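Student: File follows, upload19.cif with mmCIF, C-alpha atoms:
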data_data
loop_
_atom_site.label_atom_id
_atom_site.label_comp_id
_atom_site.auth_asym_id
_atom_site.auth_seq_id
_atom_site.Cartn_x
_atom_site.Cartn_y
_atom_site.Cartn_z
CA MET K 18 -23.51 17.13 -24.46
CA PRO K 19 -23.81 18.03 -28.12
CA GLU K 20 -27.23 19.81 -28.10
CA ALA K 21 -26.49 22.37 -25.43
CA THR K 22 -24.46 25.49 -26.00
CA ALA K 23 -22.55 27.45 -23.40
CA PRO K 24 -21.96 31.09 -24.41
CA ASP K 25 -19.30 31.64 -21.80
CA ASP K 26 -18.70 29.32 -18.90
CA GLY K 27 -15.42 30.91 -17.88
CA ASP K 28 -16.86 32.18 -14.60
CA GLY K 29 -19.01 29.23 -13.72
CA VAL K 30 -19.29 25.50 -13.49
CA ARG K 31 -21.59 23.75 -15.90
CA ILE K 32 -23.92 21.09 -14.50
CA ASP K 33 -25.64 18.57 -16.76
CA LEU K 34 -28.67 16.89 -15.22
CA ILE K 35 -29.33 13.80 -17.31
CA SER K 36 -32.67 12.05 -17.05
CA GLY K 37 -33.04 8.33 -16.65
CA ALA K 38 -35.05 8.28 -19.89
CA ARG K 39 -32.14 9.78 -21.85
CA MET K 40 -29.65 7.27 -20.46
CA GLU K 41 -31.98 4.33 -20.97
CA GLY K 42 -31.49 4.35 -24.72
CA LEU K 43 -27.70 4.32 -24.57
CA THR K 44 -25.31 1.39 -24.46
CA SER K 45 -22.92 1.06 -21.52
CA MET K 46 -19.99 2.51 -23.45
CA GLU K 47 -22.11 5.39 -24.77
CA LYS K 48 -23.08 6.25 -21.19
CA ILE K 49 -19.45 6.11 -20.05
CA ARG K 50 -18.30 8.20 -23.00
CA LEU K 51 -21.04 10.78 -22.35
CA ILE K 52 -19.99 11.06 -18.70
CA LEU K 53 -16.24 11.18 -19.25
CA ASP K 54 -16.41 13.64 -22.14
CA SER K 55 -18.38 16.07 -19.95
CA VAL K 56 -16.20 15.53 -16.88
CA ARG K 57 -12.99 15.98 -18.87
CA ASP K 58 -14.38 19.36 -20.00
CA GLY K 59 -14.69 20.32 -16.35
CA ASP K 60 -18.45 19.81 -16.13
CA ILE K 61 -20.46 18.18 -13.36
CA VAL K 62 -22.81 15.39 -14.41
CA VAL K 63 -25.86 14.44 -12.38
CA LEU K 64 -27.54 11.20 -13.40
CA GLU K 65 -31.13 10.78 -12.34
CA ALA K 66 -30.96 6.99 -12.44
CA GLY K 67 -27.27 6.24 -11.92
CA LEU K 68 -25.38 3.35 -13.44
CA SER K 69 -25.56 -0.41 -12.98
CA PRO K 70 -22.75 -2.08 -10.98
CA GLU K 71 -21.21 -3.41 -14.19
CA GLU K 72 -21.28 0.05 -15.75
CA GLU K 73 -19.69 1.51 -12.62
CA SER K 74 -16.96 -1.11 -12.90
CA LYS K 75 -16.32 -0.18 -16.53
CA LEU K 76 -16.43 3.53 -15.70
CA ILE K 77 -13.60 3.03 -13.19
CA GLU K 78 -11.64 0.99 -15.72
CA VAL K 79 -12.03 3.50 -18.57
CA THR K 80 -11.32 6.43 -16.24
CA MET K 81 -8.03 4.83 -15.28
CA THR K 82 -6.98 4.53 -18.91
CA GLU K 83 -7.63 8.26 -19.48
CA ILE K 84 -5.74 9.67 -16.48
CA SER K 85 -2.71 11.65 -17.55
CA PRO K 86 -0.31 13.82 -15.51
CA ASP K 87 -1.18 17.54 -15.27
CA ASP K 88 -4.26 17.00 -17.45
CA PHE K 89 -6.81 14.63 -15.96
CA SER K 90 -6.47 13.00 -12.54
CA GLY K 91 -9.72 11.04 -12.51
CA ILE K 92 -13.26 11.46 -11.25
CA GLU K 93 -15.11 12.05 -8.05
CA ILE K 94 -18.37 10.10 -7.99
CA GLU K 95 -21.04 10.01 -5.33
CA THR K 96 -24.26 8.09 -4.90
CA TYR K 97 -26.26 7.44 -1.78
CA PRO K 98 -25.12 4.32 0.09
CA SER K 99 -26.99 1.29 -1.18
CA THR K 100 -30.00 0.32 0.86
CA GLN K 101 -30.00 -3.26 2.03
CA GLN K 102 -31.88 -5.30 -0.50
CA PRO K 103 -32.76 -8.93 -0.02
CA ASN K 104 -30.94 -11.31 -2.34
CA GLN K 105 -33.10 -11.24 -5.45
CA GLY K 106 -31.92 -14.58 -6.74
CA LEU K 107 -31.86 -15.81 -10.30
CA VAL K 108 -35.51 -15.06 -11.11
CA GLY K 109 -35.32 -11.52 -9.78
CA ARG K 110 -32.25 -10.77 -11.86
CA LEU K 111 -33.80 -12.34 -14.95
CA LEU K 112 -36.80 -10.07 -14.55
CA GLY K 113 -34.53 -7.08 -14.22
CA LYS K 114 -35.51 -6.12 -10.68
CA GLU K 115 -31.99 -4.87 -10.00
CA GLU K 116 -32.89 -1.85 -12.12
CA ALA K 117 -34.93 -0.53 -9.20
CA ALA K 118 -31.76 -0.10 -7.14
CA LYS K 119 -30.40 2.71 -9.34
CA LYS K 120 -29.86 6.01 -7.61
CA LEU K 121 -29.08 9.61 -8.31
CA THR K 122 -25.36 9.93 -9.01
CA VAL K 123 -23.07 12.95 -9.11
CA ILE K 124 -19.84 12.76 -11.12
CA GLY K 125 -17.21 15.44 -11.61
CA PRO K 126 -13.49 15.99 -12.15
CA ALA K 127 -11.50 14.83 -9.12
CA ASN K 128 -9.69 18.16 -8.89
CA GLN K 129 -12.90 20.24 -8.91
CA ILE K 130 -15.38 18.43 -6.70
CA GLU K 131 -14.93 17.53 -3.06
CA THR K 132 -17.44 15.65 -0.96
CA LEU K 133 -18.08 17.46 2.30
CA HIS K 134 -20.64 15.13 3.81
CA LYS K 135 -22.44 11.99 2.83
CA ASP K 136 -24.97 9.80 4.56
CA GLU K 137 -28.00 7.71 3.64
CA ASP K 138 -30.06 10.64 2.35
CA LEU K 139 -27.74 13.60 1.85
CA ILE K 140 -24.72 14.31 -0.36
CA SER K 141 -23.03 17.67 0.22
CA ALA K 142 -20.24 18.61 -2.16
CA LEU K 143 -18.02 21.60 -2.81
CA VAL K 144 -17.50 22.39 -6.49
CA SER K 145 -14.70 24.70 -7.59
CA ARG K 146 -14.00 26.35 -10.93
CA LYS K 147 -11.45 24.95 -13.38
CA MET C 10 -29.28 -6.18 -20.65
CA GLY C 11 -31.74 -8.48 -22.36
CA LEU C 12 -33.53 -11.43 -20.84
CA LEU C 13 -31.63 -13.98 -22.91
CA THR C 14 -28.27 -12.42 -22.12
CA ASN C 15 -29.12 -12.40 -18.41
CA LEU C 16 -30.23 -16.01 -18.60
CA ARG C 17 -27.08 -17.09 -20.45
CA ASP C 18 -24.78 -15.26 -18.02
CA SER C 19 -26.53 -16.65 -14.95
CA ILE C 20 -26.48 -20.21 -16.27
CA THR C 21 -22.80 -19.85 -17.21
CA ARG C 22 -21.91 -18.64 -13.71
CA VAL C 23 -23.84 -21.48 -12.04
CA THR C 24 -22.41 -24.20 -14.28
CA ASP C 25 -18.89 -22.81 -13.98
CA ARG C 26 -19.10 -23.16 -10.22
CA LEU C 27 -20.76 -26.55 -10.28
CA PHE C 28 -18.06 -28.06 -12.46
CA ALA C 29 -15.11 -26.20 -11.02
CA ASP C 30 -15.22 -27.74 -7.53
CA ASP C 31 -11.95 -29.62 -8.02
CA GLU C 32 -10.04 -26.47 -8.94
CA PRO C 33 -8.73 -24.18 -6.19
CA LYS C 34 -11.01 -21.17 -5.82
CA ARG C 35 -9.41 -17.87 -6.79
CA ILE C 36 -10.03 -15.49 -3.92
CA GLY C 37 -9.43 -11.83 -4.73
CA ILE C 38 -8.23 -9.55 -1.96
CA TYR C 39 -9.85 -6.20 -2.72
CA GLY C 40 -10.22 -2.84 -1.04
CA PRO C 41 -9.10 0.78 -1.16
CA PRO C 42 -5.39 1.71 -1.22
CA ASN C 43 -3.50 1.31 2.07
CA ALA C 44 -6.06 -0.97 3.71
CA GLY C 45 -3.41 -3.65 4.28
CA LYS C 46 -4.28 -6.03 1.45
CA THR C 47 -0.72 -7.08 0.69
CA THR C 48 0.10 -7.38 4.40
CA LEU C 49 -2.85 -9.77 4.71
CA ALA C 50 -1.91 -11.69 1.55
CA ASN C 51 1.64 -12.05 2.87
CA ARG C 52 0.40 -13.13 6.31
CA ILE C 53 -1.80 -15.86 4.80
CA ALA C 54 0.87 -16.98 2.32
CA ARG C 55 3.64 -17.08 4.96
CA ASP C 56 1.44 -18.95 7.45
CA TRP C 57 0.58 -21.71 4.98
CA THR C 58 3.32 -21.77 2.32
CA GLY C 59 6.31 -20.01 3.88
CA ASP C 60 6.56 -17.49 1.01
CA ALA C 61 5.42 -13.88 0.69
CA VAL C 62 3.25 -12.49 -2.12
CA GLY C 63 4.74 -9.02 -2.58
CA PRO C 64 6.35 -5.97 -0.97
CA GLU C 65 4.39 -3.88 1.58
CA SER C 66 4.57 -0.12 1.98
CA HIS C 67 2.82 2.80 3.69
CA ILE C 68 2.98 4.69 0.36
CA PRO C 69 -0.31 4.24 -1.53
CA HIS C 70 -0.33 2.06 -4.67
CA GLU C 71 2.69 -0.06 -3.72
CA THR C 72 0.85 -2.96 -5.37
CA ARG C 73 0.37 -2.05 -9.02
CA ARG C 74 -0.11 -5.50 -10.51
CA ALA C 75 -2.45 -8.29 -9.41
CA ARG C 76 -0.35 -11.09 -7.92
CA ARG C 77 -1.54 -14.65 -7.55
CA LYS C 78 -0.26 -17.13 -4.97
CA GLU C 79 -1.41 -20.55 -6.06
CA ASN C 80 -2.43 -23.60 -4.06
CA VAL C 81 -2.51 -22.14 -0.57
CA GLU C 82 -3.68 -25.05 1.60
CA ILE C 83 -5.45 -23.93 4.76
CA GLU C 84 -6.24 -26.56 7.39
CA ARG C 85 -9.25 -25.96 9.62
CA ASN C 86 -11.20 -28.41 11.80
CA GLY C 87 -9.60 -31.46 10.20
CA LYS C 88 -10.36 -30.30 6.65
CA THR C 89 -8.02 -28.83 4.07
CA VAL C 90 -9.17 -25.95 1.87
CA THR C 91 -7.04 -25.06 -1.14
CA ILE C 92 -7.32 -21.56 -2.61
CA ASP C 93 -5.40 -19.26 -4.90
CA ILE C 94 -4.88 -15.84 -3.31
CA VAL C 95 -5.04 -12.90 -5.71
CA ASP C 96 -3.62 -9.72 -4.17
CA THR C 97 -4.97 -6.78 -6.16
CA PRO C 98 -4.03 -3.09 -6.42
CA GLY C 99 -6.13 -0.74 -4.27
CA VAL C 100 -9.16 0.52 -6.17
CA THR C 101 -9.79 4.24 -6.59
CA THR C 102 -11.46 6.60 -9.07
CA LYS C 103 -8.55 9.07 -9.12
CA VAL C 104 -4.77 8.99 -9.17
CA ASP C 105 -2.73 12.19 -8.97
CA TYR C 106 1.04 11.86 -9.20
CA LYS C 107 1.43 14.93 -6.98
CA GLU C 108 0.32 12.84 -3.99
CA PHE C 109 3.48 10.76 -4.36
CA LEU C 110 5.68 13.86 -4.26
CA ASP C 111 4.78 14.10 -0.56
CA HIS C 112 6.61 10.81 -0.06
CA ASP C 113 10.01 12.19 -1.11
CA MET C 114 9.64 10.96 -4.67
CA GLU C 115 11.06 12.72 -7.73
CA LYS C 116 8.50 13.87 -10.33
CA ASP C 117 9.54 11.29 -12.93
CA ASP C 118 9.19 8.47 -10.41
CA ALA C 119 5.86 9.84 -9.18
CA VAL C 120 4.49 10.06 -12.74
CA LYS C 121 5.69 6.51 -13.47
CA ARG C 122 4.13 5.23 -10.26
CA SER C 123 0.81 6.95 -11.01
CA ARG C 124 0.75 5.52 -14.54
CA GLU C 125 1.41 2.02 -13.22
CA ALA C 126 -1.20 2.56 -10.51
CA THR C 127 -3.90 3.43 -13.06
CA GLU C 128 -3.06 0.31 -15.05
CA GLY C 129 -3.22 -1.73 -11.85
CA VAL C 130 -6.67 -0.43 -10.89
CA ALA C 131 -8.01 -1.21 -14.37
CA GLU C 132 -6.49 -4.69 -14.08
CA ALA C 133 -8.10 -5.21 -10.67
CA MET C 134 -11.51 -4.31 -12.06
CA HIS C 135 -11.04 -6.74 -14.92
CA TRP C 136 -10.11 -9.55 -12.52
CA LEU C 137 -13.20 -8.79 -10.46
CA ARG C 138 -15.51 -9.09 -13.47
CA GLU C 139 -13.87 -12.12 -15.01
CA ASP C 140 -11.46 -14.12 -12.90
CA VAL C 141 -12.22 -14.45 -9.19
CA ASP C 142 -14.53 -16.90 -7.41
CA GLY C 143 -14.79 -15.06 -4.10
CA VAL C 144 -13.69 -11.82 -2.49
CA ILE C 145 -12.03 -10.80 0.76
CA TYR C 146 -12.77 -7.09 1.09
CA VAL C 147 -10.18 -5.43 3.32
CA LEU C 148 -10.86 -2.16 5.12
CA ASP C 149 -8.76 -0.07 7.49
CA SER C 150 -10.74 -0.06 10.76
CA SER C 151 -9.42 3.36 11.66
CA THR C 152 -10.92 5.10 8.60
CA ASP C 153 -14.47 5.92 7.47
CA PRO C 154 -15.92 2.97 5.51
CA PHE C 155 -18.73 5.10 3.96
CA THR C 156 -16.75 5.98 0.85
CA GLN C 157 -17.97 5.85 -2.71
CA VAL C 158 -15.30 3.34 -3.74
CA ASN C 159 -16.40 0.95 -0.99
CA THR C 160 -20.09 1.41 -1.82
CA MET C 161 -19.47 0.81 -5.53
CA LEU C 162 -17.14 -2.14 -5.11
CA ILE C 163 -19.40 -3.97 -2.69
CA GLY C 164 -22.26 -3.36 -5.16
CA ILE C 165 -20.18 -4.70 -8.04
CA ILE C 166 -19.18 -7.79 -6.02
CA GLU C 167 -22.82 -8.42 -5.05
CA SER C 168 -23.94 -8.05 -8.66
CA GLN C 169 -21.45 -10.78 -9.63
CA ASP C 170 -22.96 -13.13 -7.00
CA LEU C 171 -19.54 -13.64 -5.46
CA PRO C 172 -19.21 -14.78 -1.84
CA VAL C 173 -17.61 -11.96 0.14
CA LEU C 174 -16.08 -11.54 3.59
CA ILE C 175 -15.37 -8.09 5.02
CA PHE C 176 -12.07 -7.96 6.91
CA ALA C 177 -11.79 -5.05 9.35
CA ASN C 178 -8.01 -4.74 9.39
CA LYS C 179 -5.65 -2.72 11.60
CA VAL C 180 -7.52 -3.38 14.87
CA ASP C 181 -4.19 -2.79 16.61
CA LEU C 182 -4.56 0.96 15.95
CA ASP C 183 -5.95 3.11 18.78
CA ASP C 184 -8.73 4.64 16.69
CA ALA C 185 -9.89 1.37 15.13
CA ASP C 186 -13.69 1.02 15.08
CA VAL C 187 -14.87 -2.40 13.90
CA LYS C 188 -18.54 -1.65 14.67
CA ARG C 189 -18.50 1.25 12.21
CA ILE C 190 -17.48 -1.18 9.45
CA ALA C 191 -20.00 -3.83 10.50
CA ASP C 192 -22.72 -1.15 10.51
CA ALA C 193 -21.69 0.05 7.05
CA PHE C 194 -22.11 -3.39 5.46
CA PRO C 195 -24.55 -5.30 7.68
CA GLN C 196 -25.47 -7.66 4.86
CA HIS C 197 -22.00 -9.24 5.05
CA GLU C 198 -19.99 -10.85 7.83
CA THR C 199 -17.24 -8.65 9.25
CA VAL C 200 -14.12 -10.23 10.75
CA PRO C 201 -11.78 -8.05 12.86
CA LEU C 202 -8.04 -8.64 12.54
CA SER C 203 -4.59 -7.14 12.43
CA ALA C 204 -2.70 -8.65 9.52
CA LEU C 205 0.43 -6.83 10.65
CA GLU C 206 0.34 -8.16 14.23
CA GLY C 207 -1.32 -11.48 13.40
CA ASP C 208 -4.29 -10.77 15.70
CA ASN C 209 -7.39 -12.97 15.35
CA MET C 210 -5.96 -15.01 12.46
CA ASP C 211 -7.61 -18.19 13.78
CA GLU C 212 -11.05 -16.72 13.10
CA VAL C 213 -9.80 -15.38 9.75
CA TYR C 214 -8.85 -18.90 8.62
CA GLU C 215 -12.06 -20.40 9.97
CA LYS C 216 -14.12 -17.94 7.97
CA ILE C 217 -12.04 -18.42 4.81
CA ALA C 218 -12.57 -22.19 5.08
CA GLU C 219 -16.29 -21.72 5.77
CA TYR C 220 -16.93 -19.25 2.92
CA PHE C 221 -14.55 -20.43 0.23
CA GLY C 222 -14.01 -24.11 1.00
#
Now that the file is in, can you turn its structure into structure tokens?

Tutor:
Amino acid sequence: MPEATAPDDGDGVRIDLISGARMEGLTSMEKIRLILDSVRDGDIVVLEAGLSPEEESKLIEVTMTEISPDDFSGIEIETYPSTQQPNQGLVGRLLGKEEAAKKLTVIGPANQIETLHKDEDLISALVSRK
Amino acid sequence: MGLLTNLRDSITRVTDRLFADDEPKRIGIYGPPNAGKTTLANRIARDWTGDAVGPESHIPHETRRARRKENVEIERNGKTVTIDIVDTPGVTTKVDYKEFLDHDMEKDDAVKRSREATEGVAEAMHWLREDVDGVIYVLDSSTDPFTQVNTMLIGIIESQDLPVLIFANKVDLDDADVKRIADAFPQHETVPLSALEGDNMDEVYEKIAEYFG
């Protein structure tokens, strides 16, 4: 996150809460880069509107290419389980109705965030320092 | 994604399927690590071709490359369905070589395995976006299905409009709970089985023929 400054985060964990409006103007790769750059710095990213399935697929793929021993072991990502949506069909997808399915998403370094509990309406996670 | 791009992609997917009926469907076997994907792929391949697809192991990420078994002919109810089986590496968002050290592996081997595993997961995701016509999603019935990887992968599969069957594997284990899996993904059909023991394979082949034939 280029705009923000952190005077000294040695004793804490930084959390970036990113609005849906901010993400809306970014391309898929810009979103993925924004997330992974923060997570690789040890930060926790909370996305108000989440990612599309295709972006999630690319996030997994890019994450895999960046894993390296004793440096970065990947990400922990949590969203609420998807609610059951009727098949929207061709017209629904053309009109972009799948956008409505996006959900709050928490992403952090795999070695610093651990999910304690998750159900349809609650995500409880333990975050540790670097 | 813009309207025109959506329209183009949707039309391409529909026309691809309409004109590809003569080709065997490529059915990807997906799921988290250690769900029994390769055991299932081997069971299907041995039952109908006599050959195996790849080695099986209790150590996670034994499968680190997607493997395709072509022209598997499955006979059900007097009809023959021909598919290509694609056994894929287990999908995850993290790979730590230290996990492999618990399996009596030297550090160099563990690092090599983790590097290959990450390449395999990336490859599996690429296949899912580009190269499969249907998905068998394999889950271990004795573990919690409400994981982020499962939620994301099912969402990705649904967004691709791919037909999908959920296979609740390892029903031979004492703590297997098929209902928990069916409840987790009620929008899809769940088929219980043990690929290792060969339990309920008749229904497995009936559903494969019904969904992917």

Student: Quick one: which residues end up in the PyMOL selection byres ((chain C and resi 157-169) around 6) for this structure, as a PyMOL selection string?

Tutor: (chain K and resi 70+95) or (chain C and resi 156+170-171)

Student: For the residues selected in the previous step, produce a file with C-alpha atoms as a PDB file, keeping the file's coordinate frame.

Tutor:
ATOM      1  CA  PRO K  70     -22.750  -2.080 -10.980  1.00  0.00           C
ATOM      2  CA  GLU K  95     -21.040  10.010  -5.330  1.00  0.00           C
TER       3      GLU K  95
ATOM      4  CA  THR C 156     -16.750   5.980   0.850  1.00  0.00           C
ATOM      5  CA  ASP C 170     -22.960 -13.130  -7.000  1.00  0.00           C
ATOM      6  CA  LEU C 171     -19.540 -13.640  -5.460  1.00  0.00           C
TER       7      LEU C 171
END

Student: Evaluate the PyMOL selection byres ((chain K and resi 50) around 12) and record the selected residues as a PyMOL selection string, following the chain and residue labels used in the document.

Tutor: chain K and resi 18+40+43-49+51-57+72+75-76+79-80+83

Student: Sort by chain and increasing residue number a table of all residues of chain K within 6 Å of chain C, each with its closest pair of atoms and their distance in Å to one decimal, counting all atoms listed in the file, and write it as a Markdown table.

Tutor:
| residue | atom | partner | partner_atom | distance |
| --- | --- | --- | --- | --- |
| K:Pro70 | CA | C:Ile165 | CA | 4.7 |
| K:Ile77 | CA | C:Thr102 | CA | 5.9 |
| K:Glu78 | CA | C:Ala131 | CA | 4.5 |
| K:Met81 | CA | C:Thr127 | CA | 4.9 |
| K:Ser90 | CA | C:Asp105 | CA | 5.2 |
| K:Gly91 | CA | C:Lys103 | CA | 4.1 |
| K:Ile92 | CA | C:Thr102 | CA | 5.6 |
| K:Glu95 | CA | C:Gln157 | CA | 5.8 |
| K:Leu111 | CA | C:Asn15 | CA | 5.8 |

Student: Near Ala75 of chain C, counting only C-alpha atoms, which residues have an atom at most 7 Å away, once you skip same-chain residues fewer than 5 positions from it, shown as a PyMOL selection string?

Tutor: chain C and resi 95-98+133

Student: To test your reading of the syntax: which residues would the PyMOL selection byres ((chain K and resi 97) around 8) return for the file shown? Reply as a PyMOL selection string.

Tutor: chain K and resi 95-96+98-99+120-122+135-140

Student: Report as a PyMOL selection string all protein, DNA and RNA residues lying within 10 Å of Met210 of chain C, evaluated on all atoms listed in the file, omitting residues in the same chain fewer than 4 positions from it.

Tutor: chain C and resi 49+52-53+56+200-204+206+214-216

Student: Output segment 75-92 of chain K from the block with N, CA and C atoms, as a JSON list (two decimals), in the first residue's frame?

Tutor:
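Listing of decode-v6.json after writing:
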[["chain", "number", "residue", "atom", "x", "y", "z"],
["K", 75, "LYS", "N", -6.41, -17.21, -10.21],
["K", 75, "LYS", "CA", -5.10, -16.63, -10.56],
["K", 75, "LYS", "C", -4.28, -16.32, -9.31],
["K", 76, "LEU", "N", -4.98, -15.93, -8.23],
["K", 76, "LEU", "CA", -4.26, -15.65, -6.98],
["K", 76, "LEU", "C", -3.55, -16.92, -6.48],
["K", 77, "ILE", "N", -4.24, -18.05, -6.56],
["K", 77, "ILE", "CA", -3.61, -19.31, -6.14],
["K", 77, "ILE", "C", -2.40, -19.59, -7.04],
["K", 78, "GLU", "N", -2.59, -19.41, -8.34],
["K", 78, "GLU", "CA", -1.52, -19.72, -9.29],
["K", 78, "GLU", "C", -0.30, -18.83, -9.05],
["K", 79, "VAL", "N", -0.52, -17.53, -8.90],
["K", 79, "VAL", "CA", 0.62, -16.61, -8.70],
["K", 79, "VAL", "C", 1.27, -16.87, -7.34],
["K", 80, "THR", "N", 0.44, -17.14, -6.32],
["K", 80, "THR", "CA", 1.00, -17.45, -5.00],
["K", 80, "THR", "C", 1.96, -18.62, -5.09],
["K", 81, "MET", "N", 1.57, -19.64, -5.83],
["K", 81, "MET", "CA", 2.41, -20.83, -5.95],
["K", 81, "MET", "C", 3.77, -20.50, -6.56],
["K", 82, "THR", "N", 3.76, -19.58, -7.53],
["K", 82, "THR", "CA", 5.03, -19.24, -8.18],
["K", 82, "THR", "C", 5.95, -18.44, -7.27],
["K", 83, "GLU", "N", 5.39, -17.85, -6.20],
["K", 83, "GLU", "CA", 6.21, -16.99, -5.33],
["K", 83, "GLU", "C", 6.68, -17.69, -4.05],
["K", 84, "ILE", "N", 6.17, -18.90, -3.81],
["K", 84, "ILE", "CA", 6.59, -19.62, -2.59],
["K", 84, "ILE", "C", 8.06, -19.98, -2.70],
["K", 85, "SER", "N", 8.79, -19.70, -1.62],
["K", 85, "SER", "CA", 10.20, -20.09, -1.60],
["K", 85, "SER", "C", 10.57, -20.53, -0.18],
["K", 86, "PRO", "N", 11.43, -21.56, -0.07],
["K", 86, "PRO", "CA", 11.75, -22.13, 1.24],
["K", 86, "PRO", "C", 12.31, -21.09, 2.20],
["K", 87, "ASP", "N", 11.86, -21.14, 3.47],
["K", 87, "ASP", "CA", 12.33, -20.26, 4.54],
["K", 87, "ASP", "C", 12.06, -18.79, 4.29],
["K", 88, "ASP", "N", 11.24, -18.46, 3.30],
["K", 88, "ASP", "CA", 10.94, -17.06, 3.01],
["K", 88, "ASP", "C", 9.42, -16.84, 2.97],
["K", 89, "PHE", "N", 8.76, -17.53, 2.07],
["K", 89, "PHE", "CA", 7.32, -17.32, 1.90],
["K", 89, "PHE", "C", 6.67, -18.69, 1.63],
["K", 90, "SER", "N", 5.75, -19.08, 2.51],
["K", 90, "SER", "CA", 5.17, -20.42, 2.36],
["K", 90, "SER", "C", 3.73, -20.38, 1.84],
["K", 91, "GLY", "N", 3.29, -19.19, 1.43],
["K", 91, "GLY", "CA", 1.95, -19.12, 0.83],
["K", 91, "GLY", "C", 1.01, -18.27, 1.66],
["K", 92, "ILE", "N", -0.27, -18.37, 1.34],
["K", 92, "ILE", "CA", -1.26, -17.50, 1.98],
["K", 92, "ILE", "C", -2.33, -18.31, 2.70]]
